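Reviewing the structure listed below.
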Number of protein chains: 2
Amino acid sequence: MEKLPAAVNDDFLYAQIAARIEKQIKQNLLKTGDKLPSVRALSLEQGISISTSYKAYVELENMGMIEARPKSGYYVKFSPARSTNAPEVRPPLKKIEQASVTQMIAMVYQNMSEESVVRLSRSSPPFSLIPMAKLNKSMMESIRKSPTGNINYENLQGNIGLRNQVAKNAFNWGGNITGNDVVTTQGCLEALIFCLRALTKPGDTVAIESPTFFGIFNIMLSLDLKVLEIPVNPDTGIDIDYLAEAMDKVDIKACLFVTNFSNPVGSCMPDDSKQQLVKLITKRRIPLIEDDIYGEIYFGKSRPRTCKSYDTEGWVLLCSSVSKSIAPGYRVGWCIPGRFKDQVINIKMMHTISSATPTQAAIGHFFETGRYDLHMRNLRKALYTQSLRYTQAIVIYFPANTKISSPQGGYALWVELDKNIDAFELYQLAIAQNISIAPGQIFSTDARFTNFIRISFGLTFNDVVERSFKVLGELIRQLG
Amino acid sequence: MEKLPAAVNDDFLYAQIAARIEKQIKQNLLKTGDKLPSVRALSLEQGISISTSYKAYVELENMGMIEARPKSGYYVKFSPARSTNAPEVRPPLKKIEQASVTQMIAMVYQNMSEESVVRLSRSSPPFSLIPMAKLNKSMMESIRKSPTGNINYENLQGNIGLRNQVAKNAFNWGGNITGNDVVTTQGCLEALIFCLRALTKPGDTVAIESPTFFGIFNIMLSLDLKVLEIPVNPDTGIDIDYLAEAMDKVDIKACLFVTNFSNPVGSCMPDDSKQQLVKLITKRRIPLIEDDIYGEIYFGKSRPRTCKSYDTEGWVLLCSSVSKSIAPGYRVGWCIPGRFKDQVINIKMMHTISSATPTQAAIGHFFETGRYDLHMRNLRKALYTQSLRYTQAIVIYFPANTKISSPQGGYALWVELDKNIDAFELYQLAIAQNISIAPGQIFSTDARFTNFIRISFGLTFNDVVERSFKVLGELIRQLG
């Protein structure tokens with residue numbers, strides 16, 4: 001358990017070349033409109049094949065960094081992303097010493113349960129918005145309703161009341177399913193694990209986002225899976241062209257993406273991108289595990305759709321839970337595994353016989369009574385307000401060259417600091433002051449995000465939080 | 001997921017020879033006092049090496065089948081076991097077609113959730129003895145006591161109230177631990193899985209009992225582990241000499257044994273055997289996962305000790321749960337992982353962040369208020385009475401040559417039928433009559449127990465149960 005899952009990106013010689021050129025563009029050594037060496041010249045210059053040179057340019061083109069002009073060659077393209085304050089999409093750079101990344105993840109997890117710490121690293125509902133009284137009522141009422149007081153083993157596939165409610169709510173994301181399509185789990189993490197175990201064997205490669213939630217690395221490590229990191233664009237999510245090309249090169253057994261309000265970037269894939277992604281994975285027969293845990297936390301007018309809603313052939317396995325919406329401690333999650341339902345149920349049987357009865361029944365009841373809808377309206381409004389107040393605090397207290405994401409849902413801001421700042425150093429200084437943040441290093445297997453931090457806005461904004469931002473701002477200036 | 005874990009017993013040529021001789025003894029072809037061929041003669045006769053012949057005799061000697069007389073040779077030994085009605089200890093025979101065993105396990109599991117079936121295959125507390133009202137009270141009271149209504153993430157290692165109670169109860173089995181030694185899990189199955197994952201990698205070999213609970217095969221299969229089956233004696237449990245010898249031959253990474261009221265045999269290891277086992281595994285530095293799920297269901301005067309109670313160096317990982325005592329549907333279990341605590345916690349973190357808060361808190365509260373002790377006194381008395389009534393029904397309705405175990409705890413009778421009876425055929429005829437039993441085939445990777453069935457006495461004995469035994473008896477006579 002000492003090392004991170006192996007990244008296979010290194011197999012891509014062309015990706016390294018592309019990364020080098022991209023860096024020059026970002027450092028303004030190559031400026032918008034500059035002509036790049038011809039494919040042949042690049043090949044000679046770098047000692048690589050013509051086809052590798054060509055692929056490097058295609059990749060940069062797909063990333064929107066350069067453009068091909070007919071009969072003329074490749075040029076550095078104008079990019080609004082580079083001129084706005086949105087954090088940049090970063091390609092793979094050099095590897096971080098691996099053991100230390102796992103240690104960092106363990107440290108950040110550890111901080112999350114320390115009461116004395118201001119936990120800007122924790123993405124869960126603020127205490128003030130927990131529907132305690134109403135959920136307790138649902139717990140009592142569902143126990144009273146059950147002839148066996150919810151003490152007996154639950155049905156293997158899951159509590160039918162809860163499954164029916166999940167199916168009913170699926171209507172909001174464009175889903176057309178029944179309770180029979182749903183398998184309940186102990187939180188979303190277990191749903192992801194059951195799906196991965198149904199689809200892969202140790203040593204297999206899974207495509208994930210870059211940056212990605214660090215819990216995903218832990219899962220991959222624990223299941224002995226390799227990861228292939230696919231860049232995420234803050235506006236459009238997963239780079240589908242990059243993914244398609246990666247599928248040509250690498251034997252990818254499954255994809256695992258957060259399509260709505262990805263963690264940490266906060267991107268939400270537009271409908272047409274989702275459709276395109278489903279088309280791609282269906283054509284290649286490579287299943288997509290869609291982690292939709294943030295889908296219900298939208299700040300806009302309506303709930304974003306899911307890839308699952310476009311999935312006619314059952315290649316999408318949607319996973320979610322109530323940990324971000326109602327009650328993290330209940331450990332109630334589910335998946336909708338499409339054509340892999342039997343395999344997922346089989347793995348659930350082997351692992352646990354059935355999920356806990358009283359918690360599933362209580363959440364099912366909470367949904368059924370309409371308590372959920374009312375609660376979610378309040379939670380969304382409150383979190384949106386908090387996202388704005390947190391952003392404002394960063395603007396006020398952090399250096400002027402700080403870039404901040406503008407998520408339209410979820411729990412996190414992705415913050416890019418000056419490129420000289422080492423986020424893990426900042427993390428260490430901050431935790432010494434009882435402030436916990438998530439350093440960029442734990443969101444990738446390589447050193448792409450050393451000057452990024454994730455700030456979660458789950459905590460209710462108050463004087464303590466504001467003071468923490470002031471302290472963080474001072475620490476950043478010290479380091480800069 | 002189509003096949004059972006590979007058994008490595010086949011590596012033992014000498015075991016095959018021993019099995020053949022044992023069979024002849026059991027079939028009375030070789031009688032008590034008969035002289036066996038010399039080691040050299042056996043070697044010539046069977047075309048095996050002298051050392052293999054010798055090992056075969058040592059094994060038979062360890063099994064108590066034969067004895068060495070100084071300067072004279074080996075003789076068939078008198079065995080009270082062969083002259084009583086106790087089911088026999090059986091060595092490996094030929095392999096069952098593998099896929100069908102997994103199918104059988106899935107079928108039996110399936111039956112367990114069918115309300116219309118008389119479930120003589122299900123080892124859980126009878127409905128009438130479930131402490132419904134009092135447990136509900138504990139659920140409500142523990143929620144009321146919690147400032148956050150038990151809605152937040154629980155501590156990673158587990159609810160401290162529950163852990164302290166587990167530590168306190170450990171006193172009854174000779175344990176001297178604190179809540180800090182305990183890690184909570186989602187039932188005992190998850191505890192076993194976390195321990196196995198902490199100790200092994202795919203492809204490793206784990207020593208288990210033969211016969212063993214079929215859920216263990218599912219775990220081994222799902223973790224891609226090999227099993228080495230160690231014979232169990234109904235009186236003394238695991239054959240320690242066999243195990244020690246196996247450890248010489250095979251690279252065993254861990255042992256997984258039910259030391260108290262093993263499932264299905266019902267054996268309870270005497271204290272000195274437990275001590276001897278702990279000595280062995282400590283000396284060899286091979287960890288023992290001790291599944292103590294039935295330890296609290298004792299019919300005698302006092303709670304049997306555990307191997308853990310003799311474990312001074314931390315090589316025993318004790319696993320248990322409340323699924324057999326209070327509430328299967330709560331999915332509350334734990335392990336006491338000794339020197340492997342950090343590894344187990346790490347795997348728990350990767351898999352699930354934390355276990356469900358309200359269920360753990362409720363069980364902790366149920367223990368704390370003394371409700372548990374009162375409940376267990378009643379449950380033990382009732383189960384003991386049921387074990388006798390079930391035994392009586394078998395004596396009345398089954399053919400006279402049926403042999404029945406006499407467990408001093410647990411939930412199951414291990415029943416040996418006439419050797420011509422195929423237990424899986426009986427299972428199929430029985431389920432057609434809405435009676436579910438567990439056929440011997442699902443308790444081993446090979447065909448050792450084709451004429452055995454496990455009868456669980458969890459259901460309250462009543463007319464329906466009695467009628468089921470009558471039907472089973474008739475079916476057995478049809479098959480015989």
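How things are named: the first chain in the structure tokens is A, the next is B, and so on; residues count from 1 in each chain; ligands count from 1 in the order shown.
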### Task
Could you please select, counting only C-alpha atoms, the residues of chain B within 8 Å of chain A and state them as a VMD selection string?
chain B and resid 113 127 130 132 to 133 136 140 143 148 to 155 186 to 187 189 to 190 193 215 218 to 219 222 327 to 331 347 350 to 352 354 to 359
Next, write the just-selected residues to a file, as a PDB file, in the first residue's frame, keeping C-alpha atoms as the atom set.
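Once written, part.pdb looks like this:
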ATOM      1  CA  SER B 113     -34.675 -14.426   1.171  1.00  0.00           C
ATOM      2  CA  PHE B 127     -38.104 -13.834  14.621  1.00  0.00           C
ATOM      3  CA  ILE B 130     -35.512 -10.559  18.017  1.00  0.00           C
ATOM      4  CA  MET B 132     -37.249  -5.431  18.445  1.00  0.00           C
ATOM      5  CA  ALA B 133     -38.781  -3.013  20.920  1.00  0.00           C
ATOM      6  CA  ASN B 136     -35.684   0.419  18.570  1.00  0.00           C
ATOM      7  CA  MET B 140     -34.052   6.424  19.269  1.00  0.00           C
ATOM      8  CA  ILE B 143     -30.015   9.468  18.090  1.00  0.00           C
ATOM      9  CA  THR B 148     -25.829  15.814  15.262  1.00  0.00           C
ATOM     10  CA  GLY B 149     -28.503  13.094  15.368  1.00  0.00           C
ATOM     11  CA  ASN B 150     -25.977  10.489  14.171  1.00  0.00           C
ATOM     12  CA  ILE B 151     -26.190  11.994  10.700  1.00  0.00           C
ATOM     13  CA  ASN B 152     -22.511  12.920  10.269  1.00  0.00           C
ATOM     14  CA  TYR B 153     -19.614  10.711   9.193  1.00  0.00           C
ATOM     15  CA  GLU B 154     -18.590   8.405  12.023  1.00  0.00           C
ATOM     16  CA  ASN B 155     -14.979   8.211  13.207  1.00  0.00           C
ATOM     17  CA  GLN B 186     -20.322  -3.536   8.041  1.00  0.00           C
ATOM     18  CA  GLY B 187     -20.958  -7.007   9.500  1.00  0.00           C
ATOM     19  CA  LEU B 189     -18.149 -10.593   6.340  1.00  0.00           C
ATOM     20  CA  GLU B 190     -16.674  -7.136   5.725  1.00  0.00           C
ATOM     21  CA  ILE B 193     -12.617  -9.177   3.818  1.00  0.00           C
ATOM     22  CA  GLY B 215     -19.720 -17.565   2.260  1.00  0.00           C
ATOM     23  CA  ASN B 218     -17.364 -16.562  -2.106  1.00  0.00           C
ATOM     24  CA  ILE B 219     -14.935 -14.221  -0.359  1.00  0.00           C
ATOM     25  CA  SER B 222     -13.943 -12.580  -5.049  1.00  0.00           C
ATOM     26  CA  ALA B 327     -29.840  -7.736  14.453  1.00  0.00           C
ATOM     27  CA  PRO B 328     -28.579  -9.172  11.148  1.00  0.00           C
ATOM     28  CA  GLY B 329     -30.039  -6.224   9.230  1.00  0.00           C
ATOM     29  CA  TYR B 330     -27.998  -3.659  11.156  1.00  0.00           C
ATOM     30  CA  ARG B 331     -24.801  -4.876   9.501  1.00  0.00           C
ATOM     31  CA  ILE B 347      -8.306  -0.558   3.863  1.00  0.00           C
ATOM     32  CA  MET B 350     -10.194   3.270   1.075  1.00  0.00           C
ATOM     33  CA  HIS B 351     -13.336   1.198   0.914  1.00  0.00           C
ATOM     34  CA  THR B 352     -15.897   3.187   2.799  1.00  0.00           C
ATOM     35  CA  SER B 354     -16.543   5.148   7.759  1.00  0.00           C
ATOM     36  CA  SER B 355     -19.286   2.721   8.791  1.00  0.00           C
ATOM     37  CA  ALA B 356     -22.879   3.901   9.249  1.00  0.00           C
ATOM     38  CA  THR B 357     -23.312   6.087  12.327  1.00  0.00           C
ATOM     39  CA  PRO B 358     -26.877   5.385  13.580  1.00  0.00           C
ATOM     40  CA  THR B 359     -26.645   1.574  13.512  1.00  0.00           C
TER      41      THR B 359
END
Quick one: residues within 12 Å of Ser72 (chain B), only C-alpha atoms counted, chain neighbours fewer than 6 positions away excluded, as a PDB file with N, CA and C atoms, in the first residue's frame?
ATOM      1  N   LYS B  35      -2.660 -54.975  10.569  1.00  0.00           N
ATOM      2  CA  LYS B  35      -1.327 -54.430  10.298  1.00  0.00           C
ATOM      3  C   LYS B  35      -1.316 -53.859   8.875  1.00  0.00           C
ATOM      4  N   LEU B  36      -0.713 -52.717   8.710  1.00  0.00           N
ATOM      5  CA  LEU B  36      -0.611 -52.098   7.380  1.00  0.00           C
ATOM      6  C   LEU B  36       0.704 -52.510   6.737  1.00  0.00           C
ATOM      7  N   PRO B  37       0.801 -52.398   5.398  1.00  0.00           N
ATOM      8  CA  PRO B  37       2.075 -52.711   4.747  1.00  0.00           C
ATOM      9  C   PRO B  37       3.186 -51.805   5.296  1.00  0.00           C
ATOM     10  N   SER B  38       4.413 -52.268   5.227  1.00  0.00           N
ATOM     11  CA  SER B  38       5.519 -51.440   5.688  1.00  0.00           C
ATOM     12  C   SER B  38       5.653 -50.218   4.777  1.00  0.00           C
ATOM     13  N   VAL B  39       6.379 -49.229   5.249  1.00  0.00           N
ATOM     14  CA  VAL B  39       6.593 -48.019   4.462  1.00  0.00           C
ATOM     15  C   VAL B  39       7.185 -48.375   3.099  1.00  0.00           C
TER      16      VAL B  39
END
### Task
Can you pull out every residue within 6 Å of Gly409 (chain B), counting only C-alpha atoms, but drop anything in the same chain fewer than 4 positions away, and send it as a list in words?
Phe261, Ile297, Tyr298 and Phe299 of chain B
Mind dumping the selected residues with N, CA and C atoms as a compact mmCIF listing (two decimals), in the first residue's frame?
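File written: part-v7.txt
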# COMPACT_ATOMS: atom_id res chain seq x y z
N PHE B 261 -17.76 -23.15 17.71
CA PHE B 261 -18.98 -23.58 17.03
C PHE B 261 -18.88 -23.35 15.53
N ILE B 297 -22.99 -17.62 21.21
CA ILE B 297 -24.15 -18.54 21.18
C ILE B 297 -23.72 -19.87 21.77
N TYR B 298 -23.36 -19.90 23.05
CA TYR B 298 -22.92 -21.14 23.69
C TYR B 298 -24.04 -21.72 24.54
N PHE B 299 -24.11 -23.06 24.56
CA PHE B 299 -25.18 -23.71 25.31
C PHE B 299 -24.68 -24.17 26.69
### Task
Return the single residue from B:Gln103, B:Gln16, B:Thr385, B:Gln441 that is closest to Thr460 (chain B), with distances computed using only C-alpha atoms.
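Of B:Gln103, B:Gln16, B:Thr385, B:Gln441, the one nearest Thr460 (chain B), counting only C-alpha atoms, is B:Thr385.
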### Query
DSSP says strand (DSSP E) for which residues of region 370-460 of chain A? Put them as a ChimeraX atom specification?
/A:403-404,412-416,435-436,438-439,452-456
### Message
Please return, as a ChimeraX atom specification, all residues of region 23-154 of chain A that DSSP assigns to helix (DSSP H, G or I) on the basis of the backbone.
### Response
/A:23-26,39-46,50-62,80-83,98-112,127-129,132-145
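Going from CA of Leu388 (chain B) over to CA of Lys403 (chain B), you cover 14.3 Å.
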Write out as a PDB file with C-alpha atoms, in the first residue's frame each polymer residue whose atoms come within 8 Å of Ile421 (chain B), counting only C-alpha atoms; drop sequence neighbours fewer than 6 positions from it.
ATOM      1  CA  THR B 450     -21.885 -35.102  -1.062  1.00  0.00           C
ATOM      2  CA  ASN B 451     -24.026 -37.047   1.450  1.00  0.00           C
ATOM      3  CA  ILE B 476     -34.262 -39.238   1.615  1.00  0.00           C
ATOM      4  CA  LEU B 479     -33.354 -41.312  -2.956  1.00  0.00           C
ATOM      5  CA  GLY B 480     -31.798 -44.105  -0.875  1.00  0.00           C
TER       6      GLY B 480
END
### Shell around Trp414 (chain A) at 12 Å using only C-alpha atoms, local window under 5 positions removed, as JSON, numbers by chain
{"A": [85, 86, 87, 88, 89, 120, 121, 211, 212, 213, 234, 261, 262, 263, 264, 265, 266, 267, 387, 390, 391, 394, 402, 403, 404, 405, 406, 407, 437, 438, 439, 440, 443, 449, 451, 452, 453, 454, 455, 456, 457]}
### Task
Write out as an NGL selection string each polymer residue whose atoms come within 8 Å of Tyr242 (chain A), counting only C-alpha atoms; drop sequence neighbours fewer than 6 positions from it.
:A and (59 or 62 or 230-231)
### Task
Please provide the set of residues having any atom within 10 Å of Val465 (chain B), restricted to only C-alpha atoms, with same-chain residues fewer than 2 positions apart removed, written as a ChimeraX atom specification.
/B:118-120,390,393,435,457,459-463,467-471
I need the residues from that last selection saved to file as a PDB file, in the first residue's frame (with N, CA and C atoms), if you can.
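The result, written out as out.pdb:
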ATOM      1  N   VAL B 118     -39.622 -22.673   3.819  1.00  0.00           N
ATOM      2  CA  VAL B 118     -39.207 -23.017   5.186  1.00  0.00           C
ATOM      3  C   VAL B 118     -37.685 -23.075   5.173  1.00  0.00           C
ATOM      4  N   ARG B 119     -37.072 -22.052   5.743  1.00  0.00           N
ATOM      5  CA  ARG B 119     -35.635 -21.864   5.562  1.00  0.00           C
ATOM      6  C   ARG B 119     -34.799 -22.568   6.618  1.00  0.00           C
ATOM      7  N   LEU B 120     -34.570 -23.851   6.391  1.00  0.00           N
ATOM      8  CA  LEU B 120     -33.690 -24.613   7.279  1.00  0.00           C
ATOM      9  C   LEU B 120     -32.233 -24.388   6.876  1.00  0.00           C
ATOM     10  N   TYR B 390     -34.908 -30.016  17.022  1.00  0.00           N
ATOM     11  CA  TYR B 390     -34.532 -30.308  15.630  1.00  0.00           C
ATOM     12  C   TYR B 390     -33.877 -31.690  15.556  1.00  0.00           C
ATOM     13  N   ALA B 393     -36.425 -34.362  15.802  1.00  0.00           N
ATOM     14  CA  ALA B 393     -37.195 -34.512  14.564  1.00  0.00           C
ATOM     15  C   ALA B 393     -36.403 -35.323  13.536  1.00  0.00           C
ATOM     16  N   ILE B 435     -38.885 -26.244   0.852  1.00  0.00           N
ATOM     17  CA  ILE B 435     -38.034 -26.439   2.026  1.00  0.00           C
ATOM     18  C   ILE B 435     -36.599 -26.197   1.572  1.00  0.00           C
ATOM     19  N   PHE B 457     -31.007 -24.366  12.886  1.00  0.00           N
ATOM     20  CA  PHE B 457     -32.167 -24.372  13.772  1.00  0.00           C
ATOM     21  C   PHE B 457     -32.548 -22.978  14.244  1.00  0.00           C
ATOM     22  N   LEU B 459     -34.972 -21.095  12.866  1.00  0.00           N
ATOM     23  CA  LEU B 459     -36.437 -20.957  12.857  1.00  0.00           C
ATOM     24  C   LEU B 459     -37.044 -21.579  14.105  1.00  0.00           C
ATOM     25  N   THR B 460     -38.007 -20.913  14.674  1.00  0.00           N
ATOM     26  CA  THR B 460     -38.710 -21.481  15.833  1.00  0.00           C
ATOM     27  C   THR B 460     -39.372 -22.796  15.421  1.00  0.00           C
ATOM     28  N   PHE B 461     -39.148 -23.832  16.224  1.00  0.00           N
ATOM     29  CA  PHE B 461     -39.709 -25.141  15.893  1.00  0.00           C
ATOM     30  C   PHE B 461     -41.230 -25.103  16.066  1.00  0.00           C
ATOM     31  N   ASN B 462     -41.931 -25.476  15.000  1.00  0.00           N
ATOM     32  CA  ASN B 462     -43.398 -25.505  15.068  1.00  0.00           C
ATOM     33  C   ASN B 462     -43.910 -26.592  14.113  1.00  0.00           C
ATOM     34  N   ASP B 463     -45.202 -26.633  13.898  1.00  0.00           N
ATOM     35  CA  ASP B 463     -45.772 -27.686  13.055  1.00  0.00           C
ATOM     36  C   ASP B 463     -45.223 -27.658  11.629  1.00  0.00           C
ATOM     37  N   ARG B 467     -43.368 -30.717   9.942  1.00  0.00           N
ATOM     38  CA  ARG B 467     -43.842 -31.303   8.687  1.00  0.00           C
ATOM     39  C   ARG B 467     -42.701 -31.333   7.647  1.00  0.00           C
ATOM     40  N   SER B 468     -41.884 -30.284   7.663  1.00  0.00           N
ATOM     41  CA  SER B 468     -40.765 -30.232   6.716  1.00  0.00           C
ATOM     42  C   SER B 468     -39.801 -31.399   6.947  1.00  0.00           C
ATOM     43  N   PHE B 469     -39.555 -31.716   8.205  1.00  0.00           N
ATOM     44  CA  PHE B 469     -38.661 -32.849   8.486  1.00  0.00           C
ATOM     45  C   PHE B 469     -39.271 -34.159   8.002  1.00  0.00           C
ATOM     46  N   LYS B 470     -40.574 -34.258   8.151  1.00  0.00           N
ATOM     47  CA  LYS B 470     -41.257 -35.465   7.677  1.00  0.00           C
ATOM     48  C   LYS B 470     -41.062 -35.585   6.160  1.00  0.00           C
ATOM     49  N   VAL B 471     -41.275 -34.468   5.463  1.00  0.00           N
ATOM     50  CA  VAL B 471     -41.106 -34.471   3.996  1.00  0.00           C
ATOM     51  C   VAL B 471     -39.661 -34.816   3.635  1.00  0.00           C
TER      52      VAL B 471
END
